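Enquirer: Structure provided below as structure tokens; questions to follow.
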Amino acid sequence: MAFGVEQAKRWMNIANDKIQQQKQYLTELDQAIGDGDHGLNTARGFQEVVEKIASVNYEDLGSLFKDVSMTLIAKVGGASGPLYGTAFLKMSLALNGKKEADDKELVAALEAALSGIKARGKASVGEKTMVDVWEPVIELLREKGSMQAKEAALLAKEKMEHTKELEAKKGRAAYLGKRSVGHIDPGSASSYFLFAALAEALEG
Amino acid sequence: MKYVSLVLISHSEEIVSGLKKLLNQVQPDVPIAIAGGNDGEIGTNAFRIKEAIESVYSEKGVVILFDLGSALMNAELAIEMLEKTGHIAIADAPLVEGAYIAAVEAGLGKSLDEVVRACEQAKQMVKVEH
């Protein structure tokens, strides 16, 4: 598997397509347990991302993901801005100077992204956040020792659906306590779209 | 700089611009910067927070107060992006009461630690006796 600038751009483009298509769905999820801005915010953020990276000829993956990160931080006003912004910033540091990443390097970069998300949001598994998708997915990839993107996307979907059972401990949804049970966490849903997009981008 | 300065962060521009007016009335000498909203909409923005910190930064110190959850993440991100990171503290305090106490204490020439400690006391403040 080769993951270079072209694949990374394709990943962002597919992710953006999915998020634009699901904007209303993400908004509805967030209206149920949050402040209702997740669909609009992530849609705006990723739209800006694809516009930003489309015209640039990147020398390496690090500089591409740096632009992704800075765009999300600048354009997304809700929690997903600093969270995804930090995730892609960590990926950019992990892939600095690399024109292409092999399986191991890509998994390591995703692992760095997860640590960034956890440090920024101070969340752990079971708190009904995007960490409930990211952590098991990264664990799976680490165990496989290779970029099993399709399996990762399937697991991401399953884990996203599982957030329905959980009570929110972080973010605006935590104010609802037990009333947050029965709803999918919007951050876990957009994270699932990211992993689904990655799988499609790697299929070529 | 004689005084610790304040940075007020809110998801709403109007909340912090109103709060700044309120504080200026009580304490006109303390430098106060605000970072409210994101591109005119509800939200917070790490770059705007970074600029706000820079605009009132001094070695006397900067205390940051914020409203809700993700404002904290963006405040931390803003601090990480700054070149100078010393003398900056995020206070764990309610925004309005905390900022009020911070402005009063800063106006008395207190140190950053003292200002932070004082405004964090706002969490224990009893507003209505039952």
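Here's how to read the names in the structure tokens: chain A, B, ... by the order shown, residue numbers from 1 in each chain, ligand numbers from 1 in the order shown.
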Up to 12 Å from chain A, what residues of chain B turn up? Count only C-alpha atoms and give them as a ChimeraX atom specification.
Expert: /B:10-12,35-50,67-78,80-81
Enquirer: Could you find all residues in region 71-130 of chain B that DSSP calls helix (DSSP H, G or I) from the backbone, and write them as a PyMOL selection string?
Expert: chain B and resi 71-81+95-107+112-124
Enquirer: So that I can see what lies close to Val63 (chain B), please list as a compact mmCIF listing (two decimals) with all heavy atoms, in the first residue's frame the residues with an atom at most 10 Å from it, counting only C-alpha atoms and leaving out residues fewer than 4 positions away in the same chain.
Expert:
# COMPACT_ATOMS: atom_id res chain seq x y z
N VAL B 4 -1.76 42.54 36.26
CA VAL B 4 -2.08 41.31 35.54
C VAL B 4 -3.20 41.65 34.56
O VAL B 4 -4.13 42.39 34.91
CB VAL B 4 -2.56 40.22 36.53
CG1 VAL B 4 -3.21 39.04 35.81
CG2 VAL B 4 -1.40 39.74 37.41
N SER B 5 -3.12 41.13 33.35
CA SER B 5 -4.20 41.42 32.40
C SER B 5 -5.14 40.23 32.25
O SER B 5 -4.83 39.11 32.66
CB SER B 5 -3.63 41.86 31.06
OG SER B 5 -2.56 41.04 30.69
N LEU B 6 -6.30 40.51 31.66
CA LEU B 6 -7.34 39.48 31.54
C LEU B 6 -7.63 39.18 30.07
O LEU B 6 -7.65 40.10 29.24
CB LEU B 6 -8.66 39.99 32.15
CG LEU B 6 -8.93 39.81 33.65
CD1 LEU B 6 -7.88 40.52 34.49
CD2 LEU B 6 -10.32 40.32 34.00
N VAL B 7 -7.84 37.90 29.78
CA VAL B 7 -8.37 37.51 28.47
C VAL B 7 -9.69 36.79 28.70
O VAL B 7 -9.73 35.81 29.45
CB VAL B 7 -7.39 36.62 27.68
CG1 VAL B 7 -8.05 36.05 26.44
CG2 VAL B 7 -6.14 37.41 27.29
N LEU B 8 -10.74 37.28 28.10
CA LEU B 8 -12.08 36.70 28.28
C LEU B 8 -12.49 35.98 27.01
O LEU B 8 -12.47 36.57 25.92
CB LEU B 8 -13.09 37.80 28.60
CG LEU B 8 -12.68 38.79 29.70
CD1 LEU B 8 -13.72 39.91 29.80
CD2 LEU B 8 -12.53 38.07 31.04
N ILE B 32 -7.76 44.43 29.35
CA ILE B 32 -8.66 43.31 29.10
C ILE B 32 -8.78 43.09 27.60
O ILE B 32 -9.08 44.02 26.85
CB ILE B 32 -10.07 43.58 29.68
CG1 ILE B 32 -9.99 43.77 31.20
CG2 ILE B 32 -11.02 42.42 29.35
CD1 ILE B 32 -11.28 44.24 31.83
N ILE B 53 -4.39 37.09 23.62
CA ILE B 53 -3.35 36.94 24.65
C ILE B 53 -2.17 37.85 24.32
O ILE B 53 -1.67 38.60 25.17
CB ILE B 53 -2.88 35.47 24.77
CG1 ILE B 53 -4.02 34.56 25.22
CG2 ILE B 53 -1.71 35.37 25.78
CD1 ILE B 53 -3.70 33.05 25.14
N TYR B 57 -0.32 40.76 26.60
CA TYR B 57 0.72 40.00 27.30
C TYR B 57 1.73 40.90 27.99
O TYR B 57 2.20 41.89 27.42
CB TYR B 57 1.46 39.08 26.33
CG TYR B 57 2.47 38.19 27.03
CD1 TYR B 57 2.07 36.98 27.57
CD2 TYR B 57 3.79 38.61 27.19
CE1 TYR B 57 2.99 36.18 28.26
CE2 TYR B 57 4.70 37.81 27.87
CZ TYR B 57 4.29 36.61 28.40
OH TYR B 57 5.19 35.82 29.08
N HIS B 87 3.90 32.82 32.34
CA HIS B 87 3.06 33.90 32.91
C HIS B 87 1.64 33.91 32.35
O HIS B 87 1.01 34.95 32.27
CB HIS B 87 3.69 35.28 32.69
CG HIS B 87 5.17 35.32 32.96
ND1 HIS B 87 5.68 35.30 34.23
CD2 HIS B 87 6.23 35.35 32.12
CE1 HIS B 87 7.00 35.33 34.16
NE2 HIS B 87 7.35 35.35 32.90
N ILE B 88 1.15 32.75 31.92
CA ILE B 88 -0.23 32.67 31.42
C ILE B 88 -0.94 31.57 32.21
O ILE B 88 -0.42 30.47 32.32
CB ILE B 88 -0.28 32.33 29.92
CG1 ILE B 88 0.49 33.37 29.10
CG2 ILE B 88 -1.72 32.25 29.43
CD1 ILE B 88 0.70 32.98 27.65
N ALA B 89 -2.11 31.89 32.75
CA ALA B 89 -2.85 30.87 33.50
C ALA B 89 -4.31 30.87 33.09
O ALA B 89 -4.90 31.92 32.83
CB ALA B 89 -2.74 31.15 34.99
N ILE B 90 -4.86 29.65 32.99
CA ILE B 90 -6.30 29.52 32.72
C ILE B 90 -6.99 29.31 34.06
O ILE B 90 -6.64 28.40 34.80
CB ILE B 90 -6.58 28.33 31.78
CG1 ILE B 90 -5.82 28.51 30.46
CG2 ILE B 90 -8.09 28.20 31.52
CD1 ILE B 90 -5.96 27.32 29.50
N ALA B 91 -7.95 30.16 34.37
CA ALA B 91 -8.63 30.06 35.66
C ALA B 91 -9.85 29.14 35.55
O ALA B 91 -10.60 29.21 34.57
CB ALA B 91 -9.06 31.44 36.14
N ALA B 99 -14.36 36.78 36.33
CA ALA B 99 -13.72 37.92 35.68
C ALA B 99 -13.85 39.17 36.54
O ALA B 99 -12.95 40.00 36.61
CB ALA B 99 -14.34 38.15 34.31
N ALA B 102 -11.33 38.83 39.23
CA ALA B 102 -10.00 38.95 38.63
C ALA B 102 -9.68 40.42 38.35
O ALA B 102 -8.56 40.88 38.61
CB ALA B 102 -9.91 38.13 37.35
N ALA B 103 -10.65 41.16 37.83
CA ALA B 103 -10.40 42.57 37.50
C ALA B 103 -10.13 43.38 38.77
O ALA B 103 -9.21 44.21 38.81
CB ALA B 103 -11.60 43.15 36.76
N ALA B 106 -6.64 42.18 40.13
CA ALA B 106 -5.57 42.66 39.26
C ALA B 106 -5.38 44.16 39.45
O ALA B 106 -4.24 44.65 39.49
CB ALA B 106 -5.89 42.34 37.80
N LEU B 112 -0.04 37.17 39.51
CA LEU B 112 -0.87 36.26 38.71
C LEU B 112 -1.45 35.14 39.57
O LEU B 112 -2.65 34.86 39.50
CB LEU B 112 -0.04 35.68 37.55
CG LEU B 112 -0.77 34.67 36.64
CD1 LEU B 112 -1.98 35.30 35.97
CD2 LEU B 112 0.18 34.12 35.57
N ASP B 113 -0.61 34.52 40.41
CA ASP B 113 -1.09 33.44 41.28
C ASP B 113 -2.23 33.91 42.17
O ASP B 113 -3.22 33.20 42.36
CB ASP B 113 0.05 32.91 42.16
CG ASP B 113 0.89 31.90 41.42
OD1 ASP B 113 0.51 31.54 40.28
OD2 ASP B 113 1.93 31.48 41.98
N VAL B 115 -4.24 36.45 41.72
CA VAL B 115 -5.45 36.75 40.94
C VAL B 115 -6.18 35.45 40.59
O VAL B 115 -7.41 35.36 40.75
CB VAL B 115 -5.10 37.54 39.65
CG1 VAL B 115 -6.33 37.70 38.76
CG2 VAL B 115 -4.52 38.91 40.00
N VAL B 116 -5.42 34.45 40.15
CA VAL B 116 -6.04 33.17 39.77
C VAL B 116 -6.73 32.55 40.97
O VAL B 116 -7.89 32.13 40.90
CB VAL B 116 -5.00 32.19 39.17
CG1 VAL B 116 -5.59 30.80 39.01
CG2 VAL B 116 -4.48 32.72 37.84
N CYS B 119 -9.96 34.45 41.86
CA CYS B 119 -11.14 34.30 40.99
C CYS B 119 -11.65 32.86 40.98
O CYS B 119 -12.83 32.63 40.74
CB CYS B 119 -10.91 34.88 39.59
SG CYS B 119 -9.76 34.04 38.55
Enquirer: Applying 12 Å and only C-alpha atoms, which residues near Asn57 (chain A) remain after dropping the ones on its own chain fewer than 3 positions away? List them as a list in words.
Expert: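 Close residues of Asn57 (chain A): Val5, Glu6, Lys9, Lys52, Ile53, Ala54, Asp60, Leu61, Ser63, Leu64, Asp67 and Lys99 of chain A.
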Enquirer: Taking 3 positions as the minimum chain separation for residues in the same chain, which residues sit within 9 Å of Val50 (chain A) when counting only C-alpha atoms? Answer as a PyMOL selection string.
Expert: chain A and resi 9+12-13+16+45-47+53-54+68
Enquirer: Rank nothing, just name the residue among A:Arg10, A:Lys66, A:Lys23, A:Lys157 nearest to Phe195 (chain A), using only C-alpha atoms.
Expert: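 Once distances to Phe195 (chain A) are computed over only C-alpha atoms, the minimum belongs to A:Lys157.
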Enquirer: Using only C-alpha atoms, pick whichever of A:Val133, A:Ala199, A:Ala2, A:Ala174 has the shortest atom-to-atom distance to Lys104 (chain A).
Expert: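 Of all the options, A:Ala2 lies closest to Lys104 (chain A).
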